[in-house]
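Written below as structure tokens is the structure these notes are about.
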Number of protein chains: 2
Amino acid sequence: MDDGEHRGPWLRHSRTRVHAASHLTAYRDEVTLPDGRAGHYDWVDVADQVRVAALVDGCLLVVEQYHYLSGPMWQLPGGSVEPDDEDSGTAARRELAEETGYFGGDWSKRGAPQPLPALTPARVHLWRATGLTPGTAAPDPFEADLRIHHIPLEEALSAVREGRIDCAASAALVLAVALEDDSARR
Amino acid sequence: MDDGEHRGPWLRHSRTRVHAASHLTAYRDEVTLPDGRAGHYDWVDVADQVRVAALVDGCLLVVEQYHYLSGPMWQLPGGSVEPDDEDSGTAARRELAEETGYFGGDWSKRGAPQPLPALTPARVHLWRATGLTPGTAAPDPFEADLRIHHIPLEEALSAVREGRIDCAASAALVLAVALEDDSARR
């Protein structure tokens, strides 16, 4: 009898790696579902992500880049946490510096929600940065098309509402910063 | 010579399905990267999602459920768009009714951002619903542990900030609705 590992109302019996690639690994778990039926749960392991609300003179730094799957996109600066135990704060500072050149300053965390909790346990760590110093960007060679815009906070909010900032984590972070700004002004 | 299909600065030469499961399919595309190197791009096809900000007497309906990958989680009601060409508005109404029983009312869209644009082209369609009528919930059998809470909007906002509402799309939608409410009150 295989009792398996309890996960709330689920029971996990075994795990098989079904596909491995550089930035994703797919697994199939044999499980007993909460209603008692046998089945499997397919899921994907990817690196945690970071996104940064970098405020410079009342503007947010916004990255414009062509995404292979999605086409042109505006996002807040960010990327993947390195797999070698990099912490999210280090990753956020590294990605901001690589993409925009900005470094230093004061950093505070704005949560780490899950983008697709039924597909992957990955999180997107959200950071707010102020008091930054400009420097020289050093984007990855395959990010040669990356462009940086300085967007006033109000306009960034419109870009979220109109779908130009089209990444859920970036949208959540712009909205969170706008709401703080709104509360501070009252 | 294979010219491939142009996608912005990328070139796609071929696509192979590397894993197929009930709710995800993994693909490997052979590509030429923007910097001219040959490589591959692994990605995942999953159904679009919906999340609903359902306002009932100044409260948001919040679903508490154990997620197999993530443990206990608070989210706004929602789920997957059905693959048979269901539109997102129909999916949002269906998921809200199944999970909470509420139906009818006035619905408006709040965008459809991408949760993980480097991994999947899937979107999360965000809806706001008011003037709803209570009815009988009919959750899926494997969602037997699902519980519904009526959370005042201010408390939902705190739950986002403290990470109790831990799903990026739910967080973005709570923040968007709170910001609208905030603007309306000034």
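Naming works like this for the structure tokens: A, B, ... for the chains as they're shown, residue 1 at the start of each chain, ligands 1 onward in shown order.
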
Could you pull out the alpha helix (DSSP H) residues of chain A from DSSP and send them as a PDB file with C-alpha atoms, in the first residue's frame?
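See selection22.pdb below for the written result:
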```pdb
ATOM      1  CA  SER A  88      14.883  38.221  -4.890  1.00  0.00           C
ATOM      2  CA  GLY A  89      16.312  41.582  -3.744  1.00  0.00           C
ATOM      3  CA  THR A  90      19.658  40.830  -5.401  1.00  0.00           C
ATOM      4  CA  ALA A  91      17.874  39.659  -8.560  1.00  0.00           C
ATOM      5  CA  ALA A  92      15.719  42.810  -8.649  1.00  0.00           C
ATOM      6  CA  ARG A  93      18.782  45.101  -8.301  1.00  0.00           C
ATOM      7  CA  ARG A  94      20.697  43.079 -10.922  1.00  0.00           C
ATOM      8  CA  GLU A  95      17.858  43.092 -13.476  1.00  0.00           C
ATOM      9  CA  LEU A  96      17.186  46.817 -13.009  1.00  0.00           C
ATOM     10  CA  ALA A  97      20.887  47.638 -13.494  1.00  0.00           C
ATOM     11  CA  GLU A  98      21.251  45.334 -16.532  1.00  0.00           C
ATOM     12  CA  GLU A  99      18.151  46.647 -18.266  1.00  0.00           C
ATOM     13  CA  THR A 100      18.240  50.351 -17.338  1.00  0.00           C
ATOM     14  CA  LEU A 153       2.974  57.554 -12.833  1.00  0.00           C
ATOM     15  CA  GLU A 154      -0.456  58.791 -13.989  1.00  0.00           C
ATOM     16  CA  GLU A 155       0.351  57.762 -17.566  1.00  0.00           C
ATOM     17  CA  ALA A 156       1.607  54.352 -16.384  1.00  0.00           C
ATOM     18  CA  LEU A 157      -1.745  53.905 -14.666  1.00  0.00           C
ATOM     19  CA  SER A 158      -3.539  54.708 -17.937  1.00  0.00           C
ATOM     20  CA  ALA A 159      -1.224  52.238 -19.709  1.00  0.00           C
ATOM     21  CA  VAL A 160      -2.351  49.523 -17.263  1.00  0.00           C
ATOM     22  CA  ARG A 161      -6.029  50.397 -17.744  1.00  0.00           C
ATOM     23  CA  ALA A 168      -0.171  40.981 -14.697  1.00  0.00           C
ATOM     24  CA  ALA A 169       2.643  41.431 -12.164  1.00  0.00           C
ATOM     25  CA  SER A 170       3.674  44.786 -13.669  1.00  0.00           C
ATOM     26  CA  ALA A 171       0.021  45.877 -13.601  1.00  0.00           C
ATOM     27  CA  ALA A 172      -0.380  44.871  -9.941  1.00  0.00           C
ATOM     28  CA  LEU A 173       2.792  46.745  -8.991  1.00  0.00           C
ATOM     29  CA  VAL A 174       1.889  49.934 -10.912  1.00  0.00           C
ATOM     30  CA  LEU A 175      -1.568  49.886  -9.282  1.00  0.00           C
ATOM     31  CA  ALA A 176      -0.081  49.314  -5.799  1.00  0.00           C
ATOM     32  CA  VAL A 177       2.364  52.222  -6.195  1.00  0.00           C
ATOM     33  CA  ALA A 178      -0.359  54.488  -7.643  1.00  0.00           C
ATOM     34  CA  LEU A 179      -2.667  53.683  -4.731  1.00  0.00           C
ATOM     35  CA  GLU A 180       0.093  54.488  -2.196  1.00  0.00           C
ATOM     36  CA  ASP A 181       0.796  57.744  -4.027  1.00  0.00           C
ATOM     37  CA  ASP A 182      -2.927  58.511  -4.025  1.00  0.00           C
ATOM     38  CA  SER A 183      -3.253  57.846  -0.289  1.00  0.00           C
ATOM     39  CA  ALA A 184      -0.121  59.917   0.459  1.00  0.00           C
ATOM     40  CA  ARG A 185      -1.547  62.938  -1.403  1.00  0.00           C
TER      41      ARG A 185
END
```

If you run DSSP on the backbone here, which positions in stretch 7-170 of chain B get strand (DSSP E or B)? Please write them as an NGL selection string. :B and (7 or 10-20 or 25-32 or 38-45 or 49-56 or 59-67 or 71-75 or 78-80 or 103 or 106-109 or 114 or 124-130 or 133 or 147-152 or 165 or 167)

Using only C-alpha atoms, which protein or nucleic acid residues come within 10 Å of B:Trp10? Drop anything in the same chain fewer than 2 positions from it, and give the result as an NGL selection string. (:A and (66-68 or 142)) or (:B and (4-8 or 12-13 or 31-36))

Minimum-distance residue to chain A, chosen among B:Gly105, B:Gly79, B:Gly58, B:Pro113 (using only C-alpha atoms):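 Looking at the shortest contact to chain A, the residue is B:Pro113.
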
Residue contacts of A:Ile151 (6 Å, only C-alpha atoms) excluding same-chain residues fewer than 2 positions away, as a ChimeraX atom specification: /A:59-60,149,156

Between A:Ser14, A:Thr120, A:Ser80, A:Ser108, which is the closest to chain B once you count only C-alpha atoms?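 Closest to chain B, using only C-alpha atoms: A:Thr120.
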
If you count only C-alpha atoms, the residue of A:Trp74, A:Gly104, A:Glu162, A:Pro139 closest to chain B turns out to be A:Glu162

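Among the candidates B:Val81, B:Leu126, B:Leu132, B:Ala21, the one nearest to chain A when counting only C-alpha atoms is B:Ala21.
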
So that I can see what lies close to B:Ala129, please list as a PyMOL selection string the residues with an atom at most 9 Å from it, counting only C-alpha atoms and leaving out residues fewer than 6 positions away in the same chain. chain B and resi 52-56+104-109

Write out the residues from the selection above, keeping C-alpha atoms, as a CSV table (one decimal), in the first residue's frame.
```csv
chain,number,residue,atom,x,y,z
B,52,VAL,CA,-14.0,38.3,-11.1
B,53,ALA,CA,-14.3,41.2,-8.7
B,54,ALA,CA,-17.8,40.5,-7.5
B,55,LEU,CA,-19.1,43.3,-5.3
B,56,VAL,CA,-21.9,42.4,-2.9
B,104,GLY,CA,-27.0,38.1,-13.2
B,105,GLY,CA,-26.0,41.8,-12.6
B,106,ASP,CA,-23.8,44.2,-14.5
B,107,TRP,CA,-20.4,43.2,-15.8
B,108,SER,CA,-17.5,45.2,-17.2
B,109,LYS,CA,-14.0,44.2,-18.3
```

Given only C-alpha atoms as the basis, pick out the residue of A:Ala138, A:Leu69, A:Leu116, A:Ala20 nearest to B:Arg51. A:Leu116

Quick one: everything within 8 Å of B:Pro134, counting only C-alpha atoms, minus sequence neighbours fewer than 5 positions away in the same chain. Send it as an MDAnalysis selection string. chainID B and resid 101:103

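Taking atom CA of B:Gln114 and atom CA of B:Gly78 as the two end points, the separation is 15.4 Å.
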
Near B:Gln75, within 6 Å and counting only C-alpha atoms, which residues show up once chain neighbours fewer than 5 positions away are dropped, as a PDB file with C-alpha atoms, in the first residue's frame?
```pdb
ATOM      1  CA  VAL B  62     -13.183  35.787  -2.043  1.00  0.00           C
ATOM      2  CA  VAL B  63     -12.565  32.070  -2.585  1.00  0.00           C
ATOM      3  CA  ILE B 165      -4.607  37.298  -1.500  1.00  0.00           C
ATOM      4  CA  SER B 170      -6.540  38.689  -8.142  1.00  0.00           C
TER       5      SER B 170
END
```

Mind giving me the straight-line distance from atom CA of A:Thr130 to atom CA of A:Ala112 in Å, one decimal? 19.1 Å

Could you check the closest approach to chain B for each of A:Asp57, A:Asp42, A:Glu64, A:Glu30 and tell me which residue wins, using only C-alpha atoms?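 Closest to chain B, using only C-alpha atoms: A:Asp42.
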
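With atom CA of A:Pro83 on one side and atom CA of A:Thr25 on the other, the separation reads 12.8 Å.
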